[in-house]
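K.L.:
First the structure, which I've put down as structure tokens, then a few questions once you've had a look.
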Amino acid sequence: MGKISAPRSNREFIEACVKSGDAVRIKQEVDWDNEAGAIVRRVCELGEAAPFMEKIKDYPGFSYFGAPLSTYRRMAISLGMDPASTLPEIGKEYLKRTNSEPIAPVLVDRRDAPCKENVLLGDEVDLTELPVPLVHDGDGGRYVGTWHAVITKHPVRGDVNWGMYRQMMWDGRTMSGAVFPFSDLGKALTEYYLPRGEGCPFATAIGLSPLAAMAACAPSPIPEPELTGMLAGEAVRLVKCETNDLEVPADAEIIIEGVILPDYKVEEGPFGEYTGYRTSPRDFRVTFRVDAITYRNNATMTISNMGVPQDEGQLLRSFSLGLELEKLLKSQGIPVTGVYMHPRSTHHMMIVGVKPTYSGIAMQIAQLAFGSKLGPWFHMVMVVDDETDIFNWDEVYHAFCTRCNPERGIHVFKNTTGTALYPHATPHDRKYSIGSQVLFDCLWPVDWDKTNDVPTLVSFRKVYTQEIQDKVTNNWTDYGYAPVK
Amino acid sequence: MKNLWEVFVMDMGELAEGKELELTIRTLNPGKQKYTYQRVKAEVSSQLDKFADALQVRLGRGQLSNRQFSIRVIETVQRMPERYR
Ligand SMILES: Cc1cc2nc3c(=O)[nH]c(=O)nc-3n(C[C@H](O)[C@H](O)[C@H](O)COP(=O)(O)O)c2cc1C
Ligand SMILES: [Mn+2]
């Protein structure tokens, strides 16, 4: 593998984005109360350059970086690739790197860790000293964690988890969050800490390198510090926490340390979500007590503003969910030709291309997909043949509307796992993470005679000889048409 | 000075008048503390001049209610167990 030169910190990433025109420096003062959030939201909806807001009302010395990864260009930059790289190229690179050898993190001395430049302990600990934004008007609170990692360690197995689980500021020392029961942290809490009544040490890292953030929200079975190393092509630098045994990225902008309380809860939400709605109601949720805050000089807080497409939640999670499913299906020997999630589906629909070599292949794909760790995050699987371009929605939609038989092609899976955020789910199902899912099988049945039963596709590329196609394309402008790009 | 508070309810019935309520409210006073919560014992009234402070209400998904209240915060309630404070 050639040398990768990906940005190693949020700062290097901002610099690279400014240089390529993919970030804008905003010099005028921006209000943390709604204004910053509204800027980020508009940027997402327009597909604009990321806002680097250098002056925040009430919080001199802090800045914001919004919508860090809401375009494929910025995703390419984060991986150290040409910003003009296409989605299939970026996907290929992700697969190559995440199929390589894990790269273990290295521990550095606190003197070499910028995140220790300022340390608040004891009575100095106060979240209101951080520029925590009110992201959407009407949110249940100011959100500390919108683009971050909650770092914990499994008490028995010892493996480390970095997960992006939203965190709201309840008061200066208390946060609450939505940690789903099927997430890695959710499972550690329900299997271990809650039944024992033990507090779970945590550290929240904000302003991560873009690849660490990518790892924290990727549904990969590889522990996130190693995964970050593989994506970056070099080891992540970690440093010990002040108040517990955890290790945090040394180059992060802000670290919040504390304990998840096993027997005390405060309210959380509502919050604007990746589906484009506020769906999950206010409720008593996982509660974090804060013991320490450390941060870099001139710290930058990262902000994701989830809502209608497209934001980094949709873009990145569609990307990694699709590619992780591709890896899983290939590991089971299924002849998949590609997997794609359209970010505009708010990562609800998996489009799988496959060589339909045997009967029931679509069902096998759906069972693996829904039955995997990825399953709760999407409720539709659409399977098309290897001649349909999965990245071209017009082609996929045509295949769906013409080949999916209402009686034989649509299969509903009941009583599966869902998230609390599904807008279409009943309030009861949301509360208990009860899901339902559906397969749209858009393959020609294997038992249809290929010559006489399967319809032939009538398109310019499929019905004319190469000779005729060449003649028509070469004469196109002579006929009087504008050239085709 | 008049304080401005906000409460989230699923149902307006949670804001019964003429009796002491226990509510989780957040301050809307300007400054760094804005939107931080506390648990309080309080009394509310739809008569806006009954109590000194004002209370606005949001519903389950953050929708601002057009009903306004006045509020008297009697005392703060510490629900968090002593050992965690
Ligand atoms: C912006 C953003 C916010 C998220 N918020 C949550 C959340 O509040 N709760 C949750 O369980 N997952 C949330 N997720 C999804 C998790 O980050 C994702 O499932 C991740 O892979 C964590 O996986 P793990 O639990 O398998 O480690 C969020 C993702 C993104 C991109
Ligand atoms: Mn994990």
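To be explicit about the labels: the chains of the structure tokens are called A, B, and onward in the order shown, and within each one the residues are counted from 1, while ligands get numbers from 1 in the order they are shown.
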Check which residues fall inside 8 Å of ligand 1 when counting only C-alpha atoms and all ligand atoms, and print them as a PDB file with C-alpha atoms, in the first residue's frame.

P.N.:
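This is the output file result-v5.pdb:
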```
ATOM      1  CA  THR A 146     -23.014  15.902  17.999  1.00  0.00           C
ATOM      2  CA  TRP A 147     -19.789  14.860  16.231  1.00  0.00           C
ATOM      3  CA  ASN A 161     -15.252   1.259  22.263  1.00  0.00           C
ATOM      4  CA  TRP A 162     -15.501   4.668  20.606  1.00  0.00           C
ATOM      5  CA  GLY A 163     -19.102   5.371  19.684  1.00  0.00           C
ATOM      6  CA  MET A 164     -20.896   8.454  18.491  1.00  0.00           C
ATOM      7  CA  TYR A 165     -23.893   8.642  20.846  1.00  0.00           C
ATOM      8  CA  ARG A 166     -25.519  12.074  21.165  1.00  0.00           C
ATOM      9  CA  GLN A 167     -25.007  13.902  24.481  1.00  0.00           C
ATOM     10  CA  GLY A 177     -27.684  10.726  26.017  1.00  0.00           C
ATOM     11  CA  ALA A 178     -29.424   8.316  23.688  1.00  0.00           C
ATOM     12  CA  VAL A 179     -27.456   5.081  23.876  1.00  0.00           C
ATOM     13  CA  PHE A 180     -29.419   2.421  22.037  1.00  0.00           C
ATOM     14  CA  PRO A 181     -29.650  -0.977  23.725  1.00  0.00           C
ATOM     15  CA  PHE A 182     -28.150  -2.760  20.707  1.00  0.00           C
ATOM     16  CA  SER A 183     -25.105  -0.453  20.471  1.00  0.00           C
ATOM     17  CA  ASP A 184     -21.744  -1.567  21.873  1.00  0.00           C
ATOM     18  CA  LEU A 185     -22.039   0.812  24.827  1.00  0.00           C
ATOM     19  CA  GLY A 186     -25.705  -0.062  25.338  1.00  0.00           C
ATOM     20  CA  ALA A 215     -14.473   5.106  12.913  1.00  0.00           C
ATOM     21  CA  ALA A 216     -16.668   6.160  15.855  1.00  0.00           C
ATOM     22  CA  CYS A 217     -19.769   6.049  13.693  1.00  0.00           C
ATOM     23  CA  ALA A 218     -18.802   3.086  11.487  1.00  0.00           C
ATOM     24  CA  PRO A 219     -20.547  -0.197  12.256  1.00  0.00           C
ATOM     25  CA  SER A 220     -17.320  -2.192  11.985  1.00  0.00           C
ATOM     26  CA  PRO A 221     -16.493  -5.127  14.253  1.00  0.00           C
ATOM     27  CA  GLU A 224     -12.362   1.863  16.694  1.00  0.00           C
ATOM     28  CA  GLU A 273     -32.340  13.461  13.984  1.00  0.00           C
ATOM     29  CA  TYR A 274     -30.790  11.947  10.867  1.00  0.00           C
ATOM     30  CA  SER A 304     -23.121  18.088  13.105  1.00  0.00           C
ATOM     31  CA  ASN A 305     -26.646  19.337  12.464  1.00  0.00           C
ATOM     32  CA  MET A 306     -28.856  16.387  11.673  1.00  0.00           C
ATOM     33  CA  GLU A 312     -22.646  13.682   7.646  1.00  0.00           C
ATOM     34  CA  GLY A 313     -24.780  11.227   9.581  1.00  0.00           C
ATOM     35  CA  GLN A 314     -26.591  10.292   6.380  1.00  0.00           C
ATOM     36  CA  LEU A 316     -21.075   8.695   6.217  1.00  0.00           C
ATOM     37  CA  ARG A 317     -23.349   6.099   7.758  1.00  0.00           C
ATOM     38  CA  LYS A 373     -25.171  -5.992  13.841  1.00  0.00           C
ATOM     39  CA  TRP A 377     -30.283   0.796  11.228  1.00  0.00           C
TER      40      TRP A 377
END
```

K.L.:
Just asking: which residues within chain B are strand (DSSP E) according to DSSP, as a PyMOL selection string?

P.N.:
chain B and resi 4-8+21-27+37-45+53-58+64-76

K.L.:
Limited to C-alpha atoms, could you put the picked residues into a file as a PDB file, in the first residue's frame?

P.N.:
```pdb
ATOM      1  CA  LEU B   4     -37.877  33.424  32.072  1.00  0.00           C
ATOM      2  CA  TRP B   5     -38.241  29.652  32.346  1.00  0.00           C
ATOM      3  CA  GLU B   6     -39.230  26.881  29.951  1.00  0.00           C
ATOM      4  CA  VAL B   7     -40.729  23.456  30.519  1.00  0.00           C
ATOM      5  CA  PHE B   8     -41.327  20.460  28.230  1.00  0.00           C
ATOM      6  CA  LEU B  21     -45.893  20.775  41.165  1.00  0.00           C
ATOM      7  CA  GLU B  22     -42.511  19.146  40.712  1.00  0.00           C
ATOM      8  CA  LEU B  23     -41.093  20.167  37.337  1.00  0.00           C
ATOM      9  CA  THR B  24     -37.862  20.040  35.370  1.00  0.00           C
ATOM     10  CA  ILE B  25     -37.406  23.555  34.004  1.00  0.00           C
ATOM     11  CA  ARG B  26     -34.657  25.326  32.119  1.00  0.00           C
ATOM     12  CA  THR B  27     -33.607  28.917  32.327  1.00  0.00           C
ATOM     13  CA  TYR B  37     -31.974  22.546  33.786  1.00  0.00           C
ATOM     14  CA  GLN B  38     -33.013  22.193  37.371  1.00  0.00           C
ATOM     15  CA  ARG B  39     -35.627  20.181  39.178  1.00  0.00           C
ATOM     16  CA  VAL B  40     -37.917  22.398  41.215  1.00  0.00           C
ATOM     17  CA  LYS B  41     -41.054  22.588  43.285  1.00  0.00           C
ATOM     18  CA  ALA B  42     -43.167  25.325  41.758  1.00  0.00           C
ATOM     19  CA  GLU B  43     -46.591  26.764  41.277  1.00  0.00           C
ATOM     20  CA  VAL B  44     -47.853  27.921  37.880  1.00  0.00           C
ATOM     21  CA  SER B  45     -50.751  30.071  36.748  1.00  0.00           C
ATOM     22  CA  ASP B  53     -41.438  34.837  36.729  1.00  0.00           C
ATOM     23  CA  ALA B  54     -42.625  33.774  33.283  1.00  0.00           C
ATOM     24  CA  LEU B  55     -42.860  30.215  31.968  1.00  0.00           C
ATOM     25  CA  GLN B  56     -43.134  29.131  28.371  1.00  0.00           C
ATOM     26  CA  VAL B  57     -44.022  25.637  27.303  1.00  0.00           C
ATOM     27  CA  ARG B  58     -42.789  23.225  24.670  1.00  0.00           C
ATOM     28  CA  LEU B  64     -43.595  25.953  21.204  1.00  0.00           C
ATOM     29  CA  SER B  65     -47.024  26.155  22.802  1.00  0.00           C
ATOM     30  CA  ASN B  66     -48.932  29.408  22.435  1.00  0.00           C
ATOM     31  CA  ARG B  67     -50.065  29.135  26.078  1.00  0.00           C
ATOM     32  CA  GLN B  68     -48.084  31.276  28.517  1.00  0.00           C
ATOM     33  CA  PHE B  69     -47.856  30.965  32.287  1.00  0.00           C
ATOM     34  CA  SER B  70     -46.417  32.771  35.244  1.00  0.00           C
ATOM     35  CA  ILE B  71     -44.421  30.698  37.711  1.00  0.00           C
ATOM     36  CA  ARG B  72     -43.180  30.810  41.301  1.00  0.00           C
ATOM     37  CA  VAL B  73     -40.203  28.571  41.983  1.00  0.00           C
ATOM     38  CA  ILE B  74     -40.562  27.432  45.585  1.00  0.00           C
ATOM     39  CA  GLU B  75     -37.326  25.472  45.929  1.00  0.00           C
ATOM     40  CA  THR B  76     -34.927  23.318  43.998  1.00  0.00           C
TER      41      THR B  76
END
```

K.L.:
In Å to one decimal, how far is atom CA of A:Leu325 from atom CA of A:Val339?

P.N.:
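Straight-line distance from atom CA of A:Val339 to atom CA of A:Leu325 works out to 7.2 Å.
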
K.L.:
Taking the DSSP assignment computed from this structure's backbone, write out as number ranges by chain all residues of stretch 131-355 of chain A that belong to helix (DSSP H, G or I).

P.N.:
A: 184-196, 210-216, 224-232, 312-331, 343-345

K.L.:
When you look at stretch 344-358 of chain A with a cut-off of 6 Å (counting only C-alpha atoms), what residues show up, excluding the ones that are within fewer than 5 positions of it in the same chain? I need them as number ranges by chain.

P.N.:
A: 275, 309, 314, 318, 335-339, 378-386

K.L.:
Let's have the selection written as a short mmCIF file (atom, residue, chain, number, x, y, z; two decimals), in the first residue's frame, with N, CA and C atoms.

P.N.:
```
data_model
loop_
_atom_site.label_atom_id
_atom_site.label_comp_id
_atom_site.auth_asym_id
_atom_site.auth_seq_id
_atom_site.Cartn_x
_atom_site.Cartn_y
_atom_site.Cartn_z
N THR A 275 -33.06 11.17 10.43
CA THR A 275 -34.17 10.82 9.54
C THR A 275 -34.80 12.07 8.93
N PRO A 309 -31.86 15.61 4.39
CA PRO A 309 -30.57 15.41 3.69
C PRO A 309 -30.02 16.71 3.10
N GLN A 314 -26.04 11.02 7.53
CA GLN A 314 -26.59 10.29 6.38
C GLN A 314 -25.50 9.87 5.40
N SER A 318 -24.43 5.97 5.55
CA SER A 318 -24.83 5.25 4.34
C SER A 318 -23.61 4.58 3.74
N PRO A 335 -22.11 -13.88 -4.30
CA PRO A 335 -21.50 -13.16 -5.43
C PRO A 335 -22.05 -11.74 -5.60
N VAL A 336 -21.89 -10.91 -4.57
CA VAL A 336 -22.38 -9.53 -4.67
C VAL A 336 -21.45 -8.73 -5.57
N THR A 337 -22.04 -7.80 -6.32
CA THR A 337 -21.22 -6.95 -7.19
C THR A 337 -21.10 -5.56 -6.59
N GLY A 338 -21.84 -5.28 -5.55
CA GLY A 338 -21.73 -3.99 -4.88
C GLY A 338 -22.90 -3.75 -3.95
N VAL A 339 -22.69 -2.86 -2.97
CA VAL A 339 -23.77 -2.47 -2.07
C VAL A 339 -23.75 -0.96 -1.97
N PHE A 378 -31.47 -0.05 9.26
CA PHE A 378 -32.19 0.14 7.99
C PHE A 378 -33.33 -0.87 7.95
N HIS A 379 -34.38 -0.52 7.20
CA HIS A 379 -35.52 -1.44 7.18
C HIS A 379 -35.89 -1.91 5.78
N MET A 380 -35.08 -1.53 4.78
CA MET A 380 -35.39 -1.99 3.43
C MET A 380 -34.12 -2.53 2.77
N VAL A 381 -34.25 -3.70 2.15
CA VAL A 381 -33.17 -4.22 1.32
C VAL A 381 -33.75 -4.41 -0.06
N MET A 382 -33.09 -3.84 -1.05
CA MET A 382 -33.53 -4.00 -2.43
C MET A 382 -32.42 -4.73 -3.18
N VAL A 383 -32.74 -5.87 -3.78
CA VAL A 383 -31.71 -6.64 -4.47
C VAL A 383 -31.94 -6.57 -5.97
N VAL A 384 -30.91 -6.13 -6.70
CA VAL A 384 -30.98 -6.03 -8.16
C VAL A 384 -29.86 -6.86 -8.78
N ASP A 385 -29.97 -7.13 -10.07
CA ASP A 385 -28.94 -7.97 -10.69
C ASP A 385 -27.69 -7.16 -11.02
N ASP A 386 -26.64 -7.88 -11.43
CA ASP A 386 -25.34 -7.24 -11.63
C ASP A 386 -25.31 -6.35 -12.87
#
```

K.L.:
Compile the contact shell of A:Thr174 as a list in words: residues with an atom at most 7 Å away, counting only C-alpha atoms, same-chain residues fewer than 5 positions apart removed.

P.N.:
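These residues fall inside the cut-off: Met169, Phe288, Arg289 and Val290 of chain A.
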
K.L.:
Report the distance between atom CA of A:Ile4 and atom CA of A:Ile77 in Å, rounded to one decimal place.

P.N.:
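Those two atoms sit 11.4 Å apart.
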
K.L.:
I need the chain A residues near chain B as a PyMOL selection string; criterion: at most 9 Å, counting only C-alpha atoms.

P.N.:
chain A and resi 33+58-59+128-131+134+137-142+169-172+261+263-267+269-271+278-282+289

K.L.:
Would you put the residues from that selection into a file with N, CA, C and O atoms, as a CSV table (one decimal), in the first residue's frame?

P.N.:
```
chain,number,residue,atom,x,y,z
A,33,ASP,N,-26.4,30.2,20.2
A,33,ASP,CA,-27.8,30.0,20.5
A,33,ASP,C,-28.5,30.1,19.1
A,33,ASP,O,-28.9,31.2,18.7
A,58,ASP,N,-20.0,35.0,23.6
A,58,ASP,CA,-19.8,34.6,25.1
A,58,ASP,C,-18.6,33.7,25.3
A,58,ASP,O,-18.3,33.4,26.4
A,59,TYR,N,-18.0,33.2,24.2
A,59,TYR,CA,-16.9,32.2,24.4
A,59,TYR,C,-15.6,32.6,23.6
A,59,TYR,O,-15.2,31.9,22.7
A,128,THR,N,-20.8,24.7,31.1
A,128,THR,CA,-21.3,26.0,30.5
A,128,THR,C,-20.1,26.8,30.1
A,128,THR,O,-20.2,27.9,29.5
A,129,GLU,N,-18.9,26.4,30.5
A,129,GLU,CA,-17.7,27.1,30.1
A,129,GLU,C,-17.2,26.7,28.7
A,129,GLU,O,-16.3,27.3,28.1
A,130,LEU,N,-17.9,25.7,28.2
A,130,LEU,CA,-17.6,25.3,26.8
A,130,LEU,C,-18.7,25.9,25.9
A,130,LEU,O,-19.9,26.0,26.3
A,131,PRO,N,-18.4,26.2,24.6
A,131,PRO,CA,-19.4,26.8,23.8
A,131,PRO,C,-20.4,25.8,23.2
A,131,PRO,O,-20.5,25.6,22.0
A,134,LEU,N,-26.9,25.4,21.0
A,134,LEU,CA,-28.3,25.0,20.8
A,134,LEU,C,-28.4,24.8,19.3
A,134,LEU,O,-28.4,25.7,18.5
A,137,ASP,N,-33.6,25.0,17.0
A,137,ASP,CA,-34.6,25.7,17.9
A,137,ASP,C,-35.6,24.6,18.3
A,137,ASP,O,-36.1,23.8,17.5
A,138,GLY,N,-35.9,24.6,19.6
A,138,GLY,CA,-36.8,23.6,20.1
A,138,GLY,C,-36.2,22.3,20.6
A,138,GLY,O,-36.9,21.4,21.1
A,139,ASP,N,-34.9,22.2,20.4
A,139,ASP,CA,-34.2,21.0,21.0
A,139,ASP,C,-34.4,21.0,22.5
A,139,ASP,O,-34.4,22.0,23.1
A,140,GLY,N,-34.3,19.7,23.0
A,140,GLY,CA,-34.4,19.6,24.5
A,140,GLY,C,-33.3,20.2,25.2
A,140,GLY,O,-33.3,20.3,26.5
A,141,GLY,N,-32.2,20.5,24.6
A,141,GLY,CA,-31.1,21.1,25.3
A,141,GLY,C,-29.9,21.5,24.3
A,141,GLY,O,-30.1,21.3,23.1
A,142,ARG,N,-28.9,22.0,24.9
A,142,ARG,CA,-27.7,22.3,24.1
A,142,ARG,C,-26.9,21.0,24.1
A,142,ARG,O,-26.7,20.3,25.1
A,169,MET,N,-26.3,18.6,27.3
A,169,MET,CA,-26.0,19.2,28.5
A,169,MET,C,-27.2,19.4,29.4
A,169,MET,O,-28.1,20.2,29.0
A,170,TRP,N,-27.3,18.8,30.5
A,170,TRP,CA,-28.5,19.0,31.4
A,170,TRP,C,-28.2,20.1,32.4
A,170,TRP,O,-29.0,21.0,32.5
A,171,ASP,N,-27.0,20.1,33.0
A,171,ASP,CA,-26.5,21.2,33.7
A,171,ASP,C,-25.0,21.2,33.6
A,171,ASP,O,-24.5,20.4,32.9
A,172,GLY,N,-24.3,22.1,34.4
A,172,GLY,CA,-22.9,22.3,34.2
A,172,GLY,C,-22.1,21.0,34.5
A,172,GLY,O,-20.9,20.9,34.1
A,261,LEU,N,-23.9,7.0,35.2
A,261,LEU,CA,-24.5,6.6,36.5
A,261,LEU,C,-25.5,5.4,36.3
A,261,LEU,O,-26.3,5.4,35.4
A,263,ASP,N,-27.9,4.2,38.3
A,263,ASP,CA,-29.2,4.2,39.0
A,263,ASP,C,-29.8,5.6,39.1
A,263,ASP,O,-30.5,5.9,40.0
A,264,TYR,N,-29.4,6.5,38.2
A,264,TYR,CA,-30.0,7.8,38.2
A,264,TYR,C,-30.1,8.3,36.8
A,264,TYR,O,-29.1,8.2,36.0
A,265,LYS,N,-31.3,8.9,36.4
A,265,LYS,CA,-31.4,9.3,35.0
A,265,LYS,C,-32.1,10.7,35.0
A,265,LYS,O,-32.9,11.0,35.9
A,266,VAL,N,-31.6,11.5,34.1
A,266,VAL,CA,-32.3,12.8,33.8
A,266,VAL,C,-32.9,12.8,32.4
A,266,VAL,O,-32.6,11.9,31.6
A,267,GLU,N,-33.6,13.8,32.1
A,267,GLU,CA,-34.3,13.9,30.8
A,267,GLU,C,-33.3,14.1,29.6
A,267,GLU,O,-32.3,14.8,29.8
A,269,GLY,N,-33.4,14.9,25.1
A,269,GLY,CA,-34.2,15.1,23.9
A,269,GLY,C,-35.4,16.1,24.2
A,269,GLY,O,-35.5,16.5,25.3
A,270,PRO,N,-36.2,16.3,23.2
A,270,PRO,CA,-36.0,15.8,21.8
A,270,PRO,C,-34.9,16.5,21.1
A,270,PRO,O,-34.3,17.5,21.5
A,271,PHE,N,-34.5,15.9,19.9
A,271,PHE,CA,-33.4,16.4,19.2
A,271,PHE,C,-33.6,16.2,17.7
A,271,PHE,O,-34.2,15.2,17.3
A,278,ARG,N,-37.8,15.2,14.3
A,278,ARG,CA,-37.6,14.9,15.7
A,278,ARG,C,-38.6,13.8,16.0
A,278,ARG,O,-39.8,14.0,16.0
A,279,THR,N,-38.1,12.6,16.2
A,279,THR,CA,-39.0,11.4,16.4
A,279,THR,C,-39.0,10.9,17.8
A,279,THR,O,-40.0,10.8,18.4
A,280,SER,N,-37.8,10.7,18.3
A,280,SER,CA,-37.7,10.1,19.7
A,280,SER,C,-38.1,11.2,20.7
A,280,SER,O,-37.7,12.3,20.6
A,281,PRO,N,-39.0,10.9,21.6
A,281,PRO,CA,-39.5,11.9,22.5
A,281,PRO,C,-38.5,12.2,23.6
A,281,PRO,O,-37.5,11.5,23.8
A,282,ARG,N,-38.9,13.2,24.4
A,282,ARG,CA,-38.1,13.4,25.6
A,282,ARG,C,-38.3,12.2,26.5
A,282,ARG,O,-39.4,11.7,26.6
A,289,ARG,N,-22.2,11.8,34.6
A,289,ARG,CA,-21.7,12.8,35.5
A,289,ARG,C,-20.3,13.2,35.2
A,289,ARG,O,-19.5,12.3,34.9
```

K.L.:
Just the residues within 9 Å of A:Leu368, please, counting only C-alpha atoms, with nothing from its chain fewer than 5 positions along; format it as a list of chain:residue names.

P.N.:
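Result of the neighbour search: A:Leu325, A:Leu328, A:Leu329, A:Met363, A:Gly375.
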
K.L.:
Pull C-alpha atoms from the residues just selected and write them as a PDB file, in the first residue's frame.

P.N.:
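Result went into result.pdb, see below:
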```pdb
ATOM      1  CA  LEU A 325     -22.557  -5.112   4.526  1.00  0.00           C
ATOM      2  CA  LEU A 328     -20.142  -9.354   5.392  1.00  0.00           C
ATOM      3  CA  LEU A 329     -21.892 -10.737   2.284  1.00  0.00           C
ATOM      4  CA  MET A 363     -33.632 -13.831   0.681  1.00  0.00           C
ATOM      5  CA  GLY A 375     -29.611  -4.591  10.814  1.00  0.00           C
TER       6      GLY A 375
END
```

K.L.:
Any idea what's packed within 12 Å of stretch 35-40 of chain A, counting only C-alpha atoms, ignoring anything in its chain fewer than 5 positions away? Could you give it as a PyMOL selection string?

P.N.:
chain A and resi 23-24+26+28-30+45-57+63-70+131-139+142-143+146+272+301-307+310-312
